[in-house]
Amino acid sequence: MNSKILSGLTPEPVFRYFEEISRIPRGSGNTKAISDYLVAFAAEHGLRYVQEPCGNVIMYADATPGYENEPGIVIQGHMDMVAVKDSDCEKDMATEGLDLFTDGTLVGARGTSLGGDDGIALAYAMAVLSDPQIPHPQLDFIATIDEETGMDGAHAIDPAHIRGRRLLNLDSEEEGIFIVGCAGGATLRLHLPLSRERVSGRCYAISVSGLQGGHSGTEIEKNRSNAILLLARVVRELKKTQNIRLISITGGTKDNVIPPEATALVAAEAAPDTTAIEKQLKASLAGKEDGLTITVTEVVGAGSEGGGSGATAATTTTAGTATEALTSASEEALLKLLSLLPFGVQAMSALQGLVETSDNVGIIRSSGAEAEIAVSVRSLFEAEKETLCEKIIAIAELMGATVTRNSEYPGWQYRAESPVRERSVEAYRKQYGKDPLVMTIHAGLECGLLLAKLPDLDAISMGPNIYHIHTTKERLDIASVQRTWELLLSVLSMKD
């Protein structure tokens with residue numbers, strides 16, 4: 001395929017492969033097509049490869065002349081992306097590719113997330129492996145599935161398929177920052193039983209939208225609002241002065257994304273008046289969430305199952321129509337649970353500016369006979385992660401919910417001696433004339449799982465500037481991609 005939208009950008013092979021990748025739907029859980037594409041690439045370029053049963057792809061390249069005795073290097077990234085779109089975007093991200101655009105400085109996708117996290121890793125690796133003139137030692141390229149929803153590929157990978165012991169993870173989003181450690185995490189799923197009863201009144205959708213959202217690891221310290229919890233507050237405030245009955249609350253798409261919008265369906269005789277609460281919230285969130293909007297729309301389709309968000313329904317009910325709303329007890333339990341759940345930074349590290357422990361209330365679905373709430377928990381320390389999980393479980397159980405737990409991943413501890421870090425810092429210093437920032441981060445990376453399988457693995461994570469990841473504002477910095485490409489080539493060409 002020939003690049004069209006990104007033609008003319010440099011490095012040309014990197015952007016050409018990035019555009020090819022962007023034509024393939026690859027949201028988490030939908031990675032077979034991108035996995036098969038990578039296999040086809042390996043076959044086309046005469047590379048040995050393994051496609052694991054889960055869909056992971058590992059490619060192998062021999063050392064170029066003069067590098068046969070150098071330690072092997074592993075380039076690693078994940079093939080899935082967080083597939084989110086604007087509420088008015090009609091694209092089916094399960095079957096359609098992205099609509100890329102560029103202004104010459106940044107690359108984005110119209111109406112959707114971009115998938116720079118971590119499509120850029122695939123593009124970098126493919127550009128290296130497709131060019132026999134690039135000097136490098138023995139290379140392994142690992143492309144994992146479903147990192148964004150639980151690091152499933154890293155969990156499933158067979159360590160026998162990994163030859164090298166120096167790992168360059170290309171899943172970071174800030175140029176000039178080398179990641180050498182990360183938090184561990186887990187996802188808790190809260191299941192709250194719901195009872196319903198027939199009530200009269202019209203059905204209205206109350207929506208909170210326009211929030212910034214963002215990655216619940218890298219942006220949790222930015223004090224961004226959570227649309228699910230903010231909406232629950234709106235409903236609680238409305239119930240103090242207005243006769244409304246809650247039908248359902250729906251919000252969020254990924255447990256590791258701070259939800260930017262959420263919708264509640266309520267039954268009422270007249271449209272709920274949100275003027276006072278919106279004014280109050282806009283004042284208290286001024287400078288932090290200036291895009292906040294609360295809308296009320298009359299809808300149909302609530303029915304006995306809660307009707308989903310109902311926000312796109314086109315016709316209206318008539319006054320007095322019977323609707324299945326939550327019983328008073330279920331309504332109280334759900335709203336109290338949402339008011340009690342912690343969200344955001346729970347503890348800061350002794351390292352200046354680093355979050356130690358946090359959680360994110362990422363998803364809620366409350367139609368039918370159950371509310372399911374997904375909460376992502378992270379910590380640099382396993383004991384603190386466990387303590388926060390126990391607190392959330394206790395709150396859930398007090399409200400009558402049960403809890404399941406999955407998507408566990410270990411942290412990645414800093415190594416005092418690291419040849420791959422030392423050579424990367426040296427290469428950066430030569431290129432930029434200054435030292436990079438070497439740090440541990442609060443977000444989870446697959447390095448932790450890979451190191452758990454291969455304790456002698458020496459790892460570092462780097463990448464170009466990618467802004468607003470996991471949102472429809474995600475943008476890839478073109479100049480940064482070029483500089484990071486030069487840095488990658490420098491690291492690969494260095495000799496011990």
# chains A, B, ... in the order shown; residues from 1 in each chain; ligands from 1

call {"tool": "residues_around", "arguments": {"residues": "segment 41-45 of chain A", "least_positions_apart": "4", "cutoff": "7 Å", "atoms": "only C-alpha atoms", "output": "list of chain:residue names"}}
result
A:Tyr37, A:Tyr49, A:Met59, A:Ser130

call {"tool": "residues_around", "arguments": {"residues": "Val39 of chain A", "least_positions_apart": "5", "cutoff": "12 Å", "atoms": "only C-alpha atoms", "output": "list in words"}}
result
Lys32, Ala33, Ile34, Glu44, His45, Gly46, Leu47, Arg48, Tyr49, Val50, Gln51, Glu52, Gly55, Asn56, Val57, Ile58, Met59, Tyr60, Met126, Phe141, Ile142 and Ala143 of chain A

call {"tool": "write_last_selection", "arguments": {"atoms": "C-alpha atoms", "output": "PDB file, in the first residue's frame"}}
result
ATOM      1  CA  LYS A  32      -6.871 -10.818  14.661  1.00  0.00           C
ATOM      2  CA  ALA A  33      -6.635  -8.649  11.543  1.00  0.00           C
ATOM      3  CA  ILE A  34      -3.623  -6.681  12.792  1.00  0.00           C
ATOM      4  CA  GLU A  44       7.047 -10.690   2.859  1.00  0.00           C
ATOM      5  CA  HIS A  45      10.423  -9.694   4.314  1.00  0.00           C
ATOM      6  CA  GLY A  46      11.732 -13.199   4.852  1.00  0.00           C
ATOM      7  CA  LEU A  47      11.676 -12.951   8.648  1.00  0.00           C
ATOM      8  CA  ARG A  48      11.229 -15.938  10.893  1.00  0.00           C
ATOM      9  CA  TYR A  49       8.202 -15.456  13.131  1.00  0.00           C
ATOM     10  CA  VAL A  50       5.868 -17.047  15.647  1.00  0.00           C
ATOM     11  CA  GLN A  51       2.173 -16.260  15.858  1.00  0.00           C
ATOM     12  CA  GLU A  52       1.096 -17.471  19.272  1.00  0.00           C
ATOM     13  CA  GLY A  55      -2.414 -13.628  18.586  1.00  0.00           C
ATOM     14  CA  ASN A  56       0.945 -12.312  19.783  1.00  0.00           C
ATOM     15  CA  VAL A  57       3.462 -12.055  16.961  1.00  0.00           C
ATOM     16  CA  ILE A  58       7.230 -12.397  17.496  1.00  0.00           C
ATOM     17  CA  MET A  59       9.598 -11.738  14.584  1.00  0.00           C
ATOM     18  CA  TYR A  60      13.301 -12.553  14.422  1.00  0.00           C
ATOM     19  CA  MET A 126       8.598  -2.557  10.910  1.00  0.00           C
ATOM     20  CA  PHE A 141      10.259  -7.832  17.715  1.00  0.00           C
ATOM     21  CA  ILE A 142       7.363  -8.618  20.055  1.00  0.00           C
ATOM     22  CA  ALA A 143       3.876  -7.316  19.227  1.00  0.00           C
TER      23      ALA A 143
END

call {"tool": "select_by_dssp", "arguments": {"residues": "segment 237-458 of chain A", "states": "strand (DSSP E)", "output": "JSON list (two decimals) with C-alpha atoms, in the first residue's frame"}}
result
[["chain", "number", "residue", "atom", "x", "y", "z"],
["A", 244, "ILE", "CA", -37.29, 12.01, 39.78],
["A", 245, "ARG", "CA", -36.74, 8.25, 39.76],
["A", 246, "LEU", "CA", -33.52, 6.73, 38.48],
["A", 247, "ILE", "CA", -33.76, 4.15, 35.69],
["A", 248, "SER", "CA", -30.09, 3.63, 34.79],
["A", 249, "ILE", "CA", -26.63, 5.15, 34.64],
["A", 250, "THR", "CA", -24.29, 4.39, 31.76],
["A", 251, "GLY", "CA", -20.78, 5.73, 31.21],
["A", 257, "VAL", "CA", -9.76, 5.66, 30.87],
["A", 258, "ILE", "CA", -11.10, 8.54, 32.97],
["A", 262, "ALA", "CA", -22.00, 9.61, 31.16],
["A", 263, "THR", "CA", -25.80, 9.47, 30.91],
["A", 264, "ALA", "CA", -28.57, 8.74, 33.43],
["A", 265, "LEU", "CA", -32.11, 7.84, 32.48],
["A", 266, "VAL", "CA", -34.73, 9.09, 34.91],
["A", 267, "ALA", "CA", -38.51, 9.06, 35.13],
["A", 268, "ALA", "CA", -40.22, 12.37, 35.95],
["A", 293, "THR", "CA", -22.01, 20.49, 29.86],
["A", 294, "ILE", "CA", -25.17, 19.04, 31.41],
["A", 295, "THR", "CA", -28.03, 18.33, 29.02],
["A", 296, "VAL", "CA", -31.56, 16.99, 29.53],
["A", 297, "THR", "CA", -33.35, 15.25, 26.66],
["A", 298, "GLU", "CA", -36.75, 13.61, 26.63],
["A", 299, "VAL", "CA", -36.50, 10.06, 25.28],
["A", 322, "ALA", "CA", -45.44, 3.52, 33.03],
["A", 323, "THR", "CA", -41.69, 2.89, 33.18],
["A", 324, "GLU", "CA", -39.46, 0.40, 35.01],
["A", 325, "ALA", "CA", -37.37, 2.47, 37.44],
["A", 326, "LEU", "CA", -35.17, 1.34, 40.30],
["A", 344, "GLY", "CA", -7.99, 9.58, 41.77],
["A", 345, "VAL", "CA", -4.72, 9.86, 43.64],
["A", 346, "GLN", "CA", -4.81, 8.06, 46.98],
["A", 347, "ALA", "CA", -1.13, 8.49, 47.93],
["A", 348, "MET", "CA", 1.94, 10.22, 46.52],
["A", 355, "VAL", "CA", 1.83, 9.06, 42.20],
["A", 356, "GLU", "CA", 2.15, 6.00, 44.42],
["A", 357, "THR", "CA", -1.41, 4.67, 44.58],
["A", 358, "SER", "CA", -4.60, 5.56, 42.70],
["A", 359, "ASP", "CA", -7.84, 4.22, 41.30],
["A", 360, "ASN", "CA", -10.23, 5.04, 38.46],
["A", 361, "VAL", "CA", -13.97, 4.36, 38.28],
["A", 362, "GLY", "CA", -13.91, 3.67, 34.55],
["A", 363, "ILE", "CA", -17.17, 1.99, 33.49],
["A", 364, "ILE", "CA", -20.74, 1.65, 34.68],
["A", 365, "ARG", "CA", -23.61, -0.27, 33.14],
["A", 370, "GLU", "CA", -27.57, -5.49, 37.93],
["A", 371, "ALA", "CA", -25.22, -2.56, 37.98],
["A", 372, "GLU", "CA", -21.65, -3.43, 36.96],
["A", 373, "ILE", "CA", -18.91, -0.96, 37.80],
["A", 374, "ALA", "CA", -15.27, -1.43, 36.71],
["A", 375, "VAL", "CA", -12.56, 0.12, 38.88],
["A", 376, "SER", "CA", -8.88, 0.15, 37.90],
["A", 377, "VAL", "CA", -6.43, 0.15, 40.83],
["A", 378, "ARG", "CA", -2.71, 0.95, 40.56],
["A", 379, "SER", "CA", 0.21, 1.21, 42.97],
["A", 402, "THR", "CA", -20.18, -8.66, 45.04],
["A", 403, "VAL", "CA", -16.75, -8.16, 43.48],
["A", 404, "THR", "CA", -14.74, -10.07, 40.88],
["A", 405, "ARG", "CA", -11.09, -9.32, 40.24],
["A", 406, "ASN", "CA", -9.02, -9.64, 37.06],
["A", 407, "SER", "CA", -6.38, -8.03, 34.84],
["A", 408, "GLU", "CA", -3.70, -8.30, 37.52],
["A", 409, "TYR", "CA", -0.21, -7.23, 36.52],
["A", 437, "LEU", "CA", 14.80, 12.27, 32.53],
["A", 438, "VAL", "CA", 15.03, 8.72, 33.88],
["A", 439, "MET", "CA", 12.02, 7.86, 36.01],
["A", 440, "THR", "CA", 9.48, 5.41, 37.33],
["A", 441, "ILE", "CA", 5.86, 6.05, 36.35],
["A", 458, "ASP", "CA", 17.10, -5.59, 31.21]]

call {"tool": "select_by_dssp", "arguments": {"residues": "segment 215-367 of chain A", "states": "alpha helix (DSSP H)", "output": "ChimeraX atom specification"}}
result
/A:227-241,275-284,328-340

call {"tool": "write_last_selection", "arguments": {"atoms": "C-alpha atoms", "output": "PDB file, in the first residue's frame"}}
result
ATOM      1  CA  ALA A 227     -18.122  11.874  34.458  1.00  0.00           C
ATOM      2  CA  ILE A 228     -19.674   8.817  36.140  1.00  0.00           C
ATOM      3  CA  LEU A 229     -19.157  10.155  39.645  1.00  0.00           C
ATOM      4  CA  LEU A 230     -20.066  13.700  38.640  1.00  0.00           C
ATOM      5  CA  LEU A 231     -23.318  12.473  37.100  1.00  0.00           C
ATOM      6  CA  ALA A 232     -24.185  10.512  40.240  1.00  0.00           C
ATOM      7  CA  ARG A 233     -23.692  13.751  42.182  1.00  0.00           C
ATOM      8  CA  VAL A 234     -25.985  15.579  39.765  1.00  0.00           C
ATOM      9  CA  VAL A 235     -28.711  12.960  40.263  1.00  0.00           C
ATOM     10  CA  ARG A 236     -28.350  13.083  44.050  1.00  0.00           C
ATOM     11  CA  GLU A 237     -28.632  16.881  44.041  1.00  0.00           C
ATOM     12  CA  LEU A 238     -31.682  16.838  41.766  1.00  0.00           C
ATOM     13  CA  LYS A 239     -33.452  14.347  44.020  1.00  0.00           C
ATOM     14  CA  LYS A 240     -33.226  16.780  46.935  1.00  0.00           C
ATOM     15  CA  THR A 241     -35.649  19.182  45.292  1.00  0.00           C
ATOM     16  CA  THR A 275     -29.630  24.922  35.946  1.00  0.00           C
ATOM     17  CA  ALA A 276     -28.574  25.339  39.567  1.00  0.00           C
ATOM     18  CA  ILE A 277     -26.338  22.277  39.788  1.00  0.00           C
ATOM     19  CA  GLU A 278     -24.692  23.064  36.440  1.00  0.00           C
ATOM     20  CA  LYS A 279     -23.929  26.600  37.584  1.00  0.00           C
ATOM     21  CA  GLN A 280     -22.511  25.268  40.840  1.00  0.00           C
ATOM     22  CA  LEU A 281     -20.300  22.699  39.111  1.00  0.00           C
ATOM     23  CA  LYS A 282     -19.061  25.123  36.468  1.00  0.00           C
ATOM     24  CA  ALA A 283     -17.966  27.482  39.240  1.00  0.00           C
ATOM     25  CA  SER A 284     -16.187  24.815  41.264  1.00  0.00           C
ATOM     26  CA  SER A 328     -36.037   3.277  46.276  1.00  0.00           C
ATOM     27  CA  ALA A 329     -33.707   0.783  47.980  1.00  0.00           C
ATOM     28  CA  SER A 330     -31.790  -0.018  44.780  1.00  0.00           C
ATOM     29  CA  GLU A 331     -31.583   3.622  43.821  1.00  0.00           C
ATOM     30  CA  GLU A 332     -30.206   4.526  47.239  1.00  0.00           C
ATOM     31  CA  ALA A 333     -27.677   1.663  47.176  1.00  0.00           C
ATOM     32  CA  LEU A 334     -26.357   2.595  43.723  1.00  0.00           C
ATOM     33  CA  LEU A 335     -26.077   6.308  44.414  1.00  0.00           C
ATOM     34  CA  LYS A 336     -24.451   5.714  47.805  1.00  0.00           C
ATOM     35  CA  LEU A 337     -21.993   3.263  46.290  1.00  0.00           C
ATOM     36  CA  LEU A 338     -20.967   5.832  43.674  1.00  0.00           C
ATOM     37  CA  SER A 339     -20.621   8.512  46.335  1.00  0.00           C
ATOM     38  CA  LEU A 340     -18.385   6.307  48.503  1.00  0.00           C
TER      39      LEU A 340
END

call {"tool": "closest_atom_pairs", "arguments": {"of": "segment 133-244 of chain A", "to": "segment 69-79 of chain A", "cutoff": "6 Å", "atoms": "only C-alpha atoms", "output": "JSON lines"}}
result
{"residue": "A:Pro137", "atom": "CA", "partner": "A:Gly72", "partner_atom": "CA", "distance": 5.5}
{"residue": "A:Gln138", "atom": "CA", "partner": "A:Gly72", "partner_atom": "CA", "distance": 4.6}
{"residue": "A:Leu139", "atom": "CA", "partner": "A:Ile73", "partner_atom": "CA", "distance": 5.1}
{"residue": "A:Asp140", "atom": "CA", "partner": "A:Val74", "partner_atom": "CA", "distance": 4.6}
{"residue": "A:Phe141", "atom": "CA", "partner": "A:Ile75", "partner_atom": "CA", "distance": 4.8}
{"residue": "A:Ile142", "atom": "CA", "partner": "A:Gln76", "partner_atom": "CA", "distance": 4.7}
{"residue": "A:Ala143", "atom": "CA", "partner": "A:His78", "partner_atom": "CA", "distance": 5.0}
{"residue": "A:Thr144", "atom": "CA", "partner": "A:His78", "partner_atom": "CA", "distance": 4.5}
{"residue": "A:Ile145", "atom": "CA", "partner": "A:Met79", "partner_atom": "CA", "distance": 5.6}
{"residue": "A:Gly164", "atom": "CA", "partner": "A:Gly72", "partner_atom": "CA", "distance": 4.6}
{"residue": "A:Arg166", "atom": "CA", "partner": "A:Ile73", "partner_atom": "CA", "distance": 4.9}
{"residue": "A:Leu167", "atom": "CA", "partner": "A:Val74", "partner_atom": "CA", "distance": 4.6}
{"residue": "A:Leu168", "atom": "CA", "partner": "A:Ile75", "partner_atom": "CA", "distance": 4.9}
{"residue": "A:Asn169", "atom": "CA", "partner": "A:Gln76", "partner_atom": "CA", "distance": 4.8}
{"residue": "A:Leu170", "atom": "CA", "partner": "A:Gly77", "partner_atom": "CA", "distance": 5.6}
{"residue": "A:Asp171", "atom": "CA", "partner": "A:Gly77", "partner_atom": "CA", "distance": 5.9}

call {"tool": "residues_around", "arguments": {"residues": "segment 154-161 of chain A", "least_positions_apart": "5", "cutoff": "7 Å", "atoms": "only C-alpha atoms", "output": "VMD selection string"}}
result
chain A and resid 144 446 449 to 450 453 to 454

call {"tool": "write_last_selection", "arguments": {"atoms": "N, CA and C atoms", "output": "JSON list (two decimals), in the first residue's frame"}}
result
[["chain", "number", "residue", "atom", "x", "y", "z"],
["A", 144, "THR", "N", 2.34, -7.51, 21.08],
["A", 144, "THR", "CA", 1.39, -8.21, 21.95],
["A", 144, "THR", "C", -0.04, -7.73, 21.70],
["A", 446, "GLU", "N", 3.92, -3.34, 30.07],
["A", 446, "GLU", "CA", 4.10, -4.78, 29.92],
["A", 446, "GLU", "C", 5.46, -5.25, 30.40],
["A", 449, "LEU", "N", 5.36, -7.60, 33.44],
["A", 449, "LEU", "CA", 5.00, -9.00, 33.19],
["A", 449, "LEU", "C", 6.12, -9.74, 32.49],
["A", 450, "LEU", "N", 6.79, -9.08, 31.55],
["A", 450, "LEU", "CA", 7.88, -9.74, 30.84],
["A", 450, "LEU", "C", 9.04, -10.03, 31.78],
["A", 453, "LYS", "N", 8.48, -13.07, 33.88],
["A", 453, "LYS", "CA", 8.75, -14.32, 33.16],
["A", 453, "LYS", "C", 10.24, -14.51, 32.90],
["A", 454, "LEU", "N", 10.96, -13.41, 32.72],
["A", 454, "LEU", "CA", 12.39, -13.44, 32.42],
["A", 454, "LEU", "C", 13.11, -12.48, 33.36]]

call {"tool": "closest_residue", "arguments": {"among": "A:Ala416, A:Ile177, A:Ala109, A:Leu122", "to": "Ala83 of chain A", "atoms": "only C-alpha atoms"}}
result
A:Ala109

call {"tool": "atom_distance", "arguments": {"atom1": "atom CA of Phe343 of chain A", "atom2": "atom CA of Gln212 of chain A"}}
result
15.5 Å

call {"tool": "closest_residue", "arguments": {"among": "A:Pro436, A:Gly27, A:Gly411, A:Gly108", "to": "Leu380 of chain A", "atoms": "only C-alpha atoms"}}
result
A:Gly411

call {"tool": "decode", "arguments": {"residues": "segment 398-410 of chain A", "atoms": "N, CA and C atoms", "output": "PDB file, in the first residue's frame"}}
result
ATOM      1  N   LEU A 398     -20.552  -3.586  51.624  1.00  0.00           N
ATOM      2  CA  LEU A 398     -21.459  -2.889  52.534  1.00  0.00           C
ATOM      3  C   LEU A 398     -22.723  -2.420  51.811  1.00  0.00           C
ATOM      4  N   MET A 399     -22.605  -2.119  50.523  1.00  0.00           N
ATOM      5  CA  MET A 399     -23.749  -1.677  49.722  1.00  0.00           C
ATOM      6  C   MET A 399     -24.483  -2.846  49.065  1.00  0.00           C
ATOM      7  N   GLY A 400     -24.046  -4.057  49.366  1.00  0.00           N
ATOM      8  CA  GLY A 400     -24.733  -5.240  48.850  1.00  0.00           C
ATOM      9  C   GLY A 400     -24.202  -5.771  47.538  1.00  0.00           C
ATOM     10  N   ALA A 401     -23.049  -5.301  47.112  1.00  0.00           N
ATOM     11  CA  ALA A 401     -22.460  -5.745  45.849  1.00  0.00           C
ATOM     12  C   ALA A 401     -21.470  -6.882  46.079  1.00  0.00           C
ATOM     13  N   THR A 402     -21.266  -7.682  45.054  1.00  0.00           N
ATOM     14  CA  THR A 402     -20.180  -8.659  45.044  1.00  0.00           C
ATOM     15  C   THR A 402     -19.090  -8.135  44.108  1.00  0.00           C
ATOM     16  N   VAL A 403     -17.878  -8.680  44.239  1.00  0.00           N
ATOM     17  CA  VAL A 403     -16.746  -8.164  43.482  1.00  0.00           C
ATOM     18  C   VAL A 403     -15.975  -9.309  42.848  1.00  0.00           C
ATOM     19  N   THR A 404     -15.669  -9.169  41.556  1.00  0.00           N
ATOM     20  CA  THR A 404     -14.736 -10.066  40.881  1.00  0.00           C
ATOM     21  C   THR A 404     -13.478  -9.268  40.554  1.00  0.00           C
ATOM     22  N   ARG A 405     -12.389  -9.981  40.389  1.00  0.00           N
ATOM     23  CA  ARG A 405     -11.090  -9.321  40.243  1.00  0.00           C
ATOM     24  C   ARG A 405     -10.338  -9.950  39.081  1.00  0.00           C
ATOM     25  N   ASN A 406      -9.788  -9.110  38.183  1.00  0.00           N
ATOM     26  CA  ASN A 406      -9.023  -9.644  37.063  1.00  0.00           C
ATOM     27  C   ASN A 406      -8.004  -8.607  36.593  1.00  0.00           C
ATOM     28  N   SER A 407      -7.365  -8.928  35.468  1.00  0.00           N
ATOM     29  CA  SER A 407      -6.381  -8.031  34.839  1.00  0.00           C
ATOM     30  C   SER A 407      -5.271  -7.628  35.807  1.00  0.00           C
ATOM     31  N   GLU A 408      -4.808  -8.570  36.605  1.00  0.00           N
ATOM     32  CA  GLU A 408      -3.698  -8.299  37.519  1.00  0.00           C
ATOM     33  C   GLU A 408      -2.395  -8.197  36.725  1.00  0.00           C
ATOM     34  N   TYR A 409      -1.547  -7.275  37.102  1.00  0.00           N
ATOM     35  CA  TYR A 409      -0.207  -7.227  36.521  1.00  0.00           C
ATOM     36  C   TYR A 409       0.768  -6.684  37.563  1.00  0.00           C
ATOM     37  N   PRO A 410       1.999  -7.204  37.557  1.00  0.00           N
ATOM     38  CA  PRO A 410       2.972  -6.798  38.575  1.00  0.00           C
ATOM     39  C   PRO A 410       3.636  -5.481  38.220  1.00  0.00           C
TER      40      PRO A 410
END
